file entry32.cif (mmCIF, C-alpha atoms)
data_start
#
loop_
_atom_site.group_PDB
_atom_site.id
_atom_site.type_symbol
_atom_site.label_atom_id
_atom_site.label_comp_id
_atom_site.auth_asym_id
_atom_site.auth_seq_id
_atom_site.Cartn_x
_atom_site.Cartn_y
_atom_site.Cartn_z
ATOM 1 C CA MET T 1 114.844 129.251 105.065
ATOM 2 C CA SER T 2 116.236 127.375 108.034
ATOM 3 C CA TYR T 3 115.001 124.026 109.271
ATOM 4 C CA PRO T 4 115.248 122.281 112.631
ATOM 5 C CA GLU T 5 118.314 120.035 112.882
ATOM 6 C CA THR T 6 116.303 117.151 114.252
ATOM 7 C CA ILE T 7 112.839 116.071 115.368
ATOM 8 C CA LEU T 8 111.923 114.239 118.551
ATOM 9 C CA LYS T 9 110.220 110.837 118.340
ATOM 10 C CA GLN T 10 107.433 112.162 120.566
ATOM 11 C CA VAL T 11 106.754 114.978 118.098
ATOM 12 C CA LEU T 12 106.958 112.623 115.124
ATOM 13 C CA SER T 13 104.506 110.178 116.679
ATOM 14 C CA VAL T 14 101.642 112.713 116.780
ATOM 15 C CA LEU T 15 102.056 114.105 113.266
ATOM 16 C CA PRO T 16 99.406 113.312 110.640
ATOM 17 C CA VAL T 17 100.304 110.493 108.272
ATOM 18 C CA GLU T 18 101.228 111.438 104.699
ATOM 19 C CA ILE T 19 99.431 109.674 101.847
ATOM 20 C CA PHE T 20 100.454 109.523 98.211
ATOM 21 C CA THR T 21 97.358 110.657 96.310
ATOM 22 C CA GLY T 22 98.748 110.257 92.813
ATOM 23 C CA GLU T 23 98.358 107.320 90.467
ATOM 24 C CA ILE T 24 100.221 104.111 91.296
ATOM 25 C CA VAL T 25 101.046 101.969 88.264
ATOM 26 C CA ILE T 26 102.249 98.383 88.611
ATOM 27 C CA VAL T 27 104.752 97.450 85.913
ATOM 28 C CA ASP T 28 104.989 93.689 85.609
ATOM 29 C CA THR T 29 105.078 93.094 81.842
ATOM 30 C CA ARG T 30 107.689 94.049 79.245
ATOM 31 C CA GLU T 31 105.107 96.090 77.317
ATOM 32 C CA ALA T 32 104.302 98.177 80.388
ATOM 33 C CA VAL T 33 108.003 98.944 80.920
ATOM 34 C CA GLY T 34 108.268 100.902 77.665
ATOM 35 C CA LYS T 35 105.154 102.952 78.426
ATOM 36 C CA ALA T 36 106.427 103.773 81.907
ATOM 37 C CA ILE T 37 109.859 104.830 80.683
ATOM 38 C CA SER T 38 108.315 107.010 77.970
ATOM 39 C CA TYR T 39 106.265 108.814 80.609
ATOM 40 C CA LEU T 40 109.131 109.215 83.091
ATOM 41 C CA SER T 41 111.610 110.395 80.464
ATOM 42 C CA VAL T 42 109.915 113.789 80.083
ATOM 43 C CA PHE T 43 110.845 114.790 83.661
ATOM 44 C CA ASP T 44 114.119 116.382 84.728
ATOM 45 C CA HIS T 45 113.930 114.688 88.155
ATOM 46 C CA VAL T 46 112.127 111.613 89.480
ATOM 47 C CA GLY T 47 112.001 110.025 92.912
ATOM 48 C CA PHE T 48 113.779 106.683 93.259
ATOM 49 C CA ASP T 49 113.703 103.801 95.719
ATOM 50 C CA THR T 50 113.941 100.025 95.816
ATOM 51 C CA GLU T 51 112.388 97.311 97.949
ATOM 52 C CA THR T 52 113.826 93.903 98.712
ATOM 53 C CA ARG T 53 112.182 91.047 100.540
ATOM 54 C CA PRO T 54 113.489 91.139 104.115
ATOM 55 C CA ASN T 55 116.060 88.585 105.130
ATOM 56 C CA PHE T 56 115.577 86.870 108.460
ATOM 57 C CA LEU T 57 118.154 84.108 107.915
ATOM 58 C CA LYS T 58 121.903 84.546 108.158
ATOM 59 C CA HIS T 59 123.734 84.308 104.810
ATOM 60 C CA HIS T 60 120.480 84.311 102.849
ATOM 61 C CA ASN T 61 119.955 87.346 100.641
ATOM 62 C CA HIS T 62 117.105 88.234 98.335
ATOM 63 C CA LYS T 63 117.325 90.175 95.091
ATOM 64 C CA VAL T 64 115.708 93.569 94.590
ATOM 65 C CA ALA T 65 112.028 92.860 93.991
ATOM 66 C CA LEU T 66 110.811 96.377 93.259
ATOM 67 C CA ILE T 67 112.169 99.591 91.778
ATOM 68 C CA GLN T 68 109.988 102.645 92.344
ATOM 69 C CA LEU T 69 110.231 105.698 90.103
ATOM 70 C CA ALA T 70 107.985 108.639 90.956
ATOM 71 C CA ALA T 71 106.964 111.687 88.962
ATOM 72 C CA PRO T 72 104.963 114.468 90.662
ATOM 73 C CA HIS T 73 101.565 112.765 90.231
ATOM 74 C CA ARG T 74 102.349 109.188 89.257
ATOM 75 C CA CYS T 75 104.577 106.447 90.616
ATOM 76 C CA TYR T 76 105.625 103.346 88.717
ATOM 77 C CA LEU T 77 106.369 100.171 90.652
ATOM 78 C CA PHE T 78 108.613 97.932 88.551
ATOM 79 C CA ARG T 79 108.169 94.363 89.832
ATOM 80 C CA LEU T 80 111.558 92.905 88.970
ATOM 81 C CA ASN T 81 110.633 89.477 90.315
ATOM 82 C CA LYS T 82 107.774 89.355 87.769
ATOM 83 C CA LEU T 83 109.851 90.894 84.957
ATOM 84 C CA GLY T 84 112.660 88.363 85.337
ATOM 85 C CA GLY T 85 115.213 91.018 86.284
ATOM 86 C CA ILE T 86 115.829 94.526 85.010
ATOM 87 C CA PRO T 87 114.491 95.008 81.458
ATOM 88 C CA GLN T 88 116.778 96.818 79.028
ATOM 89 C CA ALA T 89 114.564 99.924 78.811
ATOM 90 C CA LEU T 90 114.634 100.309 82.601
ATOM 91 C CA GLU T 91 118.383 99.690 82.691
ATOM 92 C CA ASP T 92 118.915 102.354 80.043
ATOM 93 C CA PHE T 93 116.761 104.809 82.002
ATOM 94 C CA LEU T 94 118.686 104.191 85.230
ATOM 95 C CA LYS T 95 121.942 104.805 83.388
ATOM 96 C CA ASN T 96 120.890 107.838 81.348
ATOM 97 C CA GLY T 97 121.898 111.335 82.309
ATOM 98 C CA LYS T 98 118.817 113.132 81.031
ATOM 99 C CA THR T 99 116.627 112.402 84.060
ATOM 100 C CA VAL T 100 118.121 112.810 87.533
ATOM 101 C CA LYS T 101 117.029 110.162 90.012
ATOM 102 C CA VAL T 102 116.585 111.392 93.611
ATOM 103 C CA GLY T 103 116.730 108.920 96.474
ATOM 104 C CA LEU T 104 117.933 108.430 100.021
ATOM 105 C CA SER T 105 120.692 106.190 101.337
ATOM 106 C CA LEU T 106 121.479 105.027 97.829
ATOM 107 C CA LEU T 107 124.583 102.917 98.536
ATOM 108 C CA ASP T 108 122.477 99.914 99.589
ATOM 109 C CA ASP T 109 120.206 100.334 96.559
ATOM 110 C CA PHE T 110 123.222 100.510 94.227
ATOM 111 C CA HIS T 111 124.836 97.470 95.847
ATOM 112 C CA ASN T 112 121.670 95.405 95.383
ATOM 113 C CA ILE T 113 121.098 96.587 91.801
ATOM 114 C CA ARG T 114 124.666 95.581 90.904
ATOM 115 C CA LYS T 115 123.661 91.995 91.708
ATOM 116 C CA LEU T 116 121.266 92.211 88.730
ATOM 117 C CA MET T 117 123.193 94.283 86.179
ATOM 118 C CA ASP T 118 126.440 96.060 85.455
ATOM 119 C CA PHE T 119 125.691 99.388 87.082
ATOM 120 C CA LYS T 120 127.712 102.551 87.434
ATOM 121 C CA PRO T 121 125.300 105.085 88.930
ATOM 122 C CA ASP T 122 125.261 108.421 87.207
ATOM 123 C CA HIS T 123 122.879 111.330 87.618
ATOM 124 C CA PHE T 124 121.606 110.233 91.005
ATOM 125 C CA ILE T 125 121.192 112.544 93.990
ATOM 126 C CA ASP T 126 121.432 111.054 97.476
ATOM 127 C CA LEU T 127 119.439 113.223 99.858
ATOM 128 C CA GLN T 128 121.624 112.109 102.768
ATOM 129 C CA LYS T 129 124.385 114.197 101.197
ATOM 130 C CA VAL T 130 122.081 117.158 100.506
ATOM 131 C CA VAL T 131 120.081 117.719 103.698
ATOM 132 C CA PRO T 132 123.097 118.582 105.894
ATOM 133 C CA LEU T 133 123.659 121.600 103.636
ATOM 134 C CA TYR T 134 120.330 122.921 104.976
ATOM 135 C CA GLY T 135 121.201 122.266 108.630
ATOM 136 C CA ILE T 136 119.198 119.036 108.893
ATOM 137 C CA GLN T 137 121.090 116.388 110.832
ATOM 138 C CA GLU T 138 118.581 113.554 110.402
ATOM 139 C CA THR T 139 119.396 110.841 107.847
ATOM 140 C CA GLY T 140 116.149 108.850 107.663
ATOM 141 C CA LEU T 141 113.349 109.572 105.218
ATOM 142 C CA GLN T 142 110.644 109.624 107.865
ATOM 143 C CA LYS T 143 112.321 112.294 110.001
ATOM 144 C CA ILE T 144 113.565 114.425 107.103
ATOM 145 C CA TYR T 145 110.066 114.470 105.610
ATOM 146 C CA ALA T 146 108.536 115.344 108.991
ATOM 147 C CA ILE T 147 110.947 118.263 109.462
ATOM 148 C CA LEU T 148 110.123 119.701 106.036
ATOM 149 C CA PHE T 149 106.398 118.986 105.758
ATOM 150 C CA GLY T 150 105.061 118.340 109.261
ATOM 151 C CA LYS T 151 103.757 114.886 108.315
ATOM 152 C CA LYS T 152 105.045 111.407 108.990
ATOM 153 C CA ILE T 153 105.614 108.513 106.644
ATOM 154 C CA SER T 154 104.429 105.194 108.014
ATOM 155 C CA LYS T 155 107.123 102.504 107.881
ATOM 156 C CA ARG T 156 104.693 99.710 108.759
ATOM 157 C CA MET T 157 105.071 97.880 105.419
ATOM 158 C CA GLN T 158 108.874 98.146 105.182
ATOM 159 C CA LEU T 159 109.511 94.546 106.216
ATOM 160 C CA SER T 160 106.720 92.998 104.174
ATOM 161 C CA ASN T 161 107.187 90.380 101.447
ATOM 162 C CA TRP T 162 107.916 92.350 98.265
ATOM 163 C CA GLU T 163 107.967 89.156 96.199
ATOM 164 C CA ILE T 164 104.369 88.253 97.016
ATOM 165 C CA ASP T 165 102.239 87.421 93.981
ATOM 166 C CA VAL T 166 99.957 90.473 94.344
ATOM 167 C CA LEU T 167 101.057 93.555 96.272
ATOM 168 C CA SER T 168 98.545 94.794 98.839
ATOM 169 C CA ASP T 169 97.180 98.325 98.663
ATOM 170 C CA SER T 170 99.248 99.139 101.769
ATOM 171 C CA GLN T 171 102.426 97.887 100.093
ATOM 172 C CA LYS T 172 101.708 99.902 96.953
ATOM 173 C CA GLN T 173 101.027 103.041 98.987
ATOM 174 C CA TYR T 174 104.202 102.589 101.051
ATOM 175 C CA ALA T 175 106.406 101.933 98.003
ATOM 176 C CA ALA T 176 105.017 104.840 96.000
ATOM 177 C CA LEU T 177 105.235 107.227 98.929
ATOM 178 C CA ASP T 178 108.893 106.432 99.607
ATOM 179 C CA ALA T 179 109.975 107.344 96.066
ATOM 180 C CA TRP T 180 107.602 110.317 95.763
ATOM 181 C CA ALA T 181 108.709 111.714 99.151
ATOM 182 C CA CYS T 182 112.328 111.813 97.949
ATOM 183 C CA LEU T 183 111.260 113.920 94.991
ATOM 184 C CA GLN T 184 109.212 116.234 97.223
ATOM 185 C CA ILE T 185 112.122 116.737 99.638
ATOM 186 C CA TYR T 186 114.443 117.616 96.770
ATOM 187 C CA LYS T 187 111.956 120.087 95.299
ATOM 188 C CA GLN T 188 111.309 121.724 98.683
ATOM 189 C CA LEU T 189 114.996 122.187 99.414
ATOM 190 C CA ASN T 190 115.622 123.665 95.979
ATOM 191 C CA GLN T 191 112.855 126.206 96.481
ATOM 192 C CA THR T 192 114.601 127.543 99.571
ATOM 193 C CA THR T 193 117.962 128.320 97.962
#

call {"tool": "encode", "arguments": {"input": "entry32.cif", "output": "structure tokens"}}
result
Amino acid sequence: MSYPETILKQVLSVLPVEIFTGEIVIVDTREAVGKAISYLSVFDHVGFDTETRPNFLKHHNHKVALIQLAAPHRCYLFRLNKLGGIPQALEDFLKNGKTVKVGLSLLDDFHNIRKLMDFKPDHFIDLQKVVPLYGIQETGLQKIYAILFGKKISKRMQLSNWEIDVLSDSQKQYAALDAWACLQIYKQLNQTT
């Protein structure tokens, strides 16, 4: 199957908005980490993303506040700011080769994770390296998803405060959708080969 190389902003703007309809699970205690990893470990592939509080001041950087890991019908939001960093079970999962983590533009994610732990990424797939093989020239999640599925992903919550005490429903939806969409893109492209 061939896909359009690109999509115009005018076309994107009128597409229906995608919504993640699966279960969103907040992981903010050590006990919840183990349960989440047990669930995710049965999958060959999961969607992956991170969120960091935006930086509006020069030379002031924030740590990764959220790691999202999505299975087909459930997404876990690991609140690193509440967990005091990356718990060992999550670190082990990120480093293991059994489950492939699928994300987009992973270099920034890896750079920010390295600020929290010794991290040599293995068994990750960066969709920015995959989509050109299918003729898609776009590099952003929103446009790639629109090309493949005819729906747009709202980026309205991207610059919100990911360290806030309680995430809003909009933040949870945005975070879950970003990780889940990566998994859906990967699955769609692999069906067409």

call {"tool": "closest_atom_pairs", "arguments": {"input": "entry32.cif", "of": "range 91-167 of chain T", "to": "range 17-39 of chain T", "cutoff": "9 Å", "atoms": "only C-alpha atoms", "output": "CSV"}}
result
residue,atom,partner,partner_atom,distance
T:Phe93,CA,T:Ile37,CA,7.0
T:Lys151,CA,T:Val17,CA,5.6
T:Lys152,CA,T:Val17,CA,4.9
T:Ile153,CA,T:Glu18,CA,5.6
T:Ser154,CA,T:Val17,CA,6.7

call {"tool": "residues_around", "arguments": {"input": "entry32.cif", "residues": "Cys182 in chain T", "least_positions_apart": "4", "cutoff": "8 Å", "atoms": "only C-alpha atoms", "output": "list in words"}}
result
Gly47, Phe48, Val102, Gly103, Leu104, Leu127, Leu141, Asp178 and Tyr186 of chain T

call {"tool": "closest_residue", "arguments": {"input": "entry32.cif", "among": "T:Leu107, T:Ile7, T:Val14, T:Ser2", "to": "Ile147 in chain T", "atoms": "only C-alpha atoms"}}
result
T:Ile7

call {"tool": "atom_distance", "arguments": {"input": "entry32.cif", "atom1": "CA of Asn161 in chain T", "atom2": "CA of Pro54 in chain T"}}
result
6.9 Å

call {"tool": "resolve_selection", "arguments": {"input": "entry32.cif", "expression": "the PyMOL selection byres ((chain T and resi 148-150) around 9)", "output": "list in words"}}
result
Tyr3, Pro4, Leu12, Leu15, Pro16, Lys143, Ile144, Tyr145, Ala146, Ile147, Lys151, Lys152, Ile185, Gln188 and Leu189 of chain T

call {"tool": "atom_distance", "arguments": {"input": "entry32.cif", "atom1": "CA of Val131 in chain T", "atom2": "CA of His45 in chain T"}}
result
17.0 Å

call {"tool": "resolve_selection", "arguments": {"input": "entry32.cif", "expression": "the PyMOL selection byres ((chain T and resi 97) around 12)", "output": "ChimeraX atom specification"}}
result
/T:41,43-45,92-96,98-101,120-125

call {"tool": "closest_residue", "arguments": {"input": "entry32.cif", "among": "T:Asp126, T:Leu90, T:Glu5, T:Val166", "to": "Asp108 in chain T", "atoms": "all atoms listed in the file"}}
result
T:Asp126

call {"tool": "atom_distance", "arguments": {"input": "entry32.cif", "atom1": "CA of Thr6 in chain T", "atom2": "CA of Ile136 in chain T"}}
result
6.4 Å

call {"tool": "decode", "arguments": {"input": "entry32.cif", "residues": "range 98-114 of chain T", "atoms": "all heavy atoms", "output": "tab-separated table (two decimals), in the first residue's frame"}}
result
chain	number	residue	atom	x	y	z
T	98	LYS	N	12.87	-7.95	25.56
T	98	LYS	CA	11.69	-8.79	25.28
T	98	LYS	C	10.56	-7.97	24.65
T	98	LYS	O	9.90	-8.43	23.73
T	98	LYS	CB	11.22	-9.44	26.58
T	98	LYS	CG	10.03	-10.37	26.39
T	98	LYS	CD	9.64	-11.03	27.69
T	98	LYS	CE	8.36	-11.83	27.53
T	98	LYS	NZ	7.16	-11.08	27.82
T	99	THR	N	10.33	-6.78	25.16
T	99	THR	CA	9.27	-5.92	24.64
T	99	THR	C	9.88	-4.75	23.89
T	99	THR	O	10.68	-4.00	24.45
T	99	THR	CB	8.39	-5.39	25.79
T	99	THR	OG1	7.89	-6.49	26.55
T	99	THR	CG2	7.24	-4.56	25.26
T	100	VAL	N	9.52	-4.60	22.63
T	100	VAL	CA	10.01	-3.49	21.81
T	100	VAL	C	9.18	-2.25	22.11
T	100	VAL	O	7.95	-2.32	22.14
T	100	VAL	CB	9.94	-3.85	20.31
T	100	VAL	CG1	10.37	-2.67	19.46
T	100	VAL	CG2	10.80	-5.07	20.02
T	101	LYS	N	9.86	-1.15	22.35
T	101	LYS	CA	9.19	0.12	22.61
T	101	LYS	C	9.20	0.95	21.33
T	101	LYS	O	10.26	1.16	20.73
T	101	LYS	CB	9.90	0.88	23.74
T	101	LYS	CG	9.60	0.39	25.16
T	101	LYS	CD	10.08	-1.00	25.50
T	101	LYS	CE	11.57	-1.09	25.73
T	101	LYS	NZ	12.03	-2.42	26.17
T	102	VAL	N	8.02	1.43	20.92
T	102	VAL	CA	7.87	2.17	19.66
T	102	VAL	C	7.53	3.62	19.99
T	102	VAL	O	6.54	3.90	20.67
T	102	VAL	CB	6.75	1.56	18.79
T	102	VAL	CG1	6.65	2.31	17.47
T	102	VAL	CG2	6.98	0.07	18.56
T	103	GLY	N	8.35	4.53	19.49
T	103	GLY	CA	8.12	5.94	19.73
T	103	GLY	C	8.48	6.78	18.52
T	103	GLY	O	8.75	6.25	17.45
T	104	LEU	N	8.50	8.08	18.71
T	104	LEU	CA	8.79	9.00	17.62
T	104	LEU	C	9.74	10.06	18.11
T	104	LEU	O	9.55	10.62	19.21
T	104	LEU	CB	7.49	9.64	17.12
T	104	LEU	CG	7.63	10.57	15.92
T	104	LEU	CD1	7.73	9.74	14.64
T	104	LEU	CD2	6.44	11.50	15.82
T	105	SER	N	10.76	10.35	17.32
T	105	SER	CA	11.74	11.37	17.68
T	105	SER	C	12.35	11.05	19.05
T	105	SER	O	12.29	11.84	19.99
T	105	SER	CB	11.08	12.75	17.69
T	105	SER	OG	12.04	13.75	17.87
T	106	LEU	N	12.93	9.88	19.14
T	106	LEU	CA	13.36	9.34	20.43
T	106	LEU	C	14.66	9.94	20.98
T	106	LEU	O	14.93	9.81	22.17
T	106	LEU	CB	13.52	7.82	20.33
T	106	LEU	CG	12.21	7.06	20.10
T	106	LEU	CD1	12.49	5.57	19.93
T	106	LEU	CD2	11.25	7.29	21.25
T	107	LEU	N	15.44	10.62	20.17
T	107	LEU	CA	16.72	11.15	20.67
T	107	LEU	C	16.53	12.10	21.85
T	107	LEU	O	17.28	12.05	22.82
T	107	LEU	CB	17.50	11.83	19.54
T	107	LEU	CG	18.06	10.88	18.48
T	107	LEU	CD1	18.82	11.66	17.41
T	107	LEU	CD2	18.95	9.82	19.10
T	108	ASP	N	15.52	12.97	21.77
T	108	ASP	CA	15.25	13.89	22.88
T	108	ASP	C	14.80	13.12	24.12
T	108	ASP	O	15.22	13.43	25.24
T	108	ASP	CB	14.18	14.91	22.50
T	108	ASP	CG	14.70	15.97	21.54
T	108	ASP	OD1	15.94	16.14	21.45
T	108	ASP	OD2	13.88	16.61	20.86
T	109	ASP	N	13.93	12.12	23.92
T	109	ASP	CA	13.48	11.30	25.05
T	109	ASP	C	14.68	10.62	25.72
T	109	ASP	O	14.81	10.62	26.94
T	109	ASP	CB	12.48	10.24	24.59
T	109	ASP	CG	11.18	10.85	24.11
T	109	ASP	OD1	10.68	11.77	24.76
T	109	ASP	OD2	10.65	10.38	23.09
T	110	PHE	N	15.55	10.01	24.91
T	110	PHE	CA	16.72	9.31	25.45
T	110	PHE	C	17.64	10.27	26.19
T	110	PHE	O	18.13	9.96	27.28
T	110	PHE	CB	17.50	8.63	24.33
T	110	PHE	CG	16.77	7.51	23.64
T	110	PHE	CD1	17.16	7.09	22.39
T	110	PHE	CD2	15.69	6.88	24.24
T	110	PHE	CE1	16.50	6.06	21.74
T	110	PHE	CE2	15.01	5.85	23.59
T	110	PHE	CZ	15.43	5.44	22.34
T	111	HIS	N	17.85	11.44	25.62
T	111	HIS	CA	18.72	12.44	26.26
T	111	HIS	C	18.17	12.82	27.64
T	111	HIS	O	18.93	12.90	28.62
T	111	HIS	CB	18.82	13.68	25.37
T	111	HIS	CG	19.56	14.82	25.98
T	111	HIS	ND1	20.93	14.82	26.11
T	111	HIS	CD2	19.12	15.98	26.52
T	111	HIS	CE1	21.31	15.95	26.70
T	111	HIS	NE2	20.23	16.67	26.96
T	112	ASN	N	16.87	13.03	27.72
T	112	ASN	CA	16.26	13.43	29.00
T	112	ASN	C	16.22	12.28	30.01
T	112	ASN	O	16.39	12.50	31.21
T	112	ASN	CB	14.86	13.99	28.76
T	112	ASN	CG	14.90	15.34	28.07
T	112	ASN	OD1	15.82	16.12	28.28
T	112	ASN	ND2	13.94	15.60	27.22
T	113	ILE	N	16.03	11.06	29.53
T	113	ILE	CA	16.03	9.91	30.44
T	113	ILE	C	17.43	9.68	31.01
T	113	ILE	O	17.59	9.31	32.18
T	113	ILE	CB	15.51	8.64	29.72
T	113	ILE	CG1	14.00	8.78	29.49
T	113	ILE	CG2	15.80	7.38	30.53
T	113	ILE	CD1	13.40	7.66	28.65
T	114	ARG	N	18.45	9.94	30.21
T	114	ARG	CA	19.84	9.76	30.69
T	114	ARG	C	20.16	10.69	31.85
T	114	ARG	O	21.11	10.45	32.59
T	114	ARG	CB	20.82	9.99	29.54
T	114	ARG	CG	20.93	8.81	28.62
T	114	ARG	CD	22.09	8.96	27.64
T	114	ARG	NE	21.98	7.95	26.63
T	114	ARG	CZ	21.54	8.15	25.39
T	114	ARG	NH1	21.16	9.36	25.01
T	114	ARG	NH2	21.47	7.16	24.53
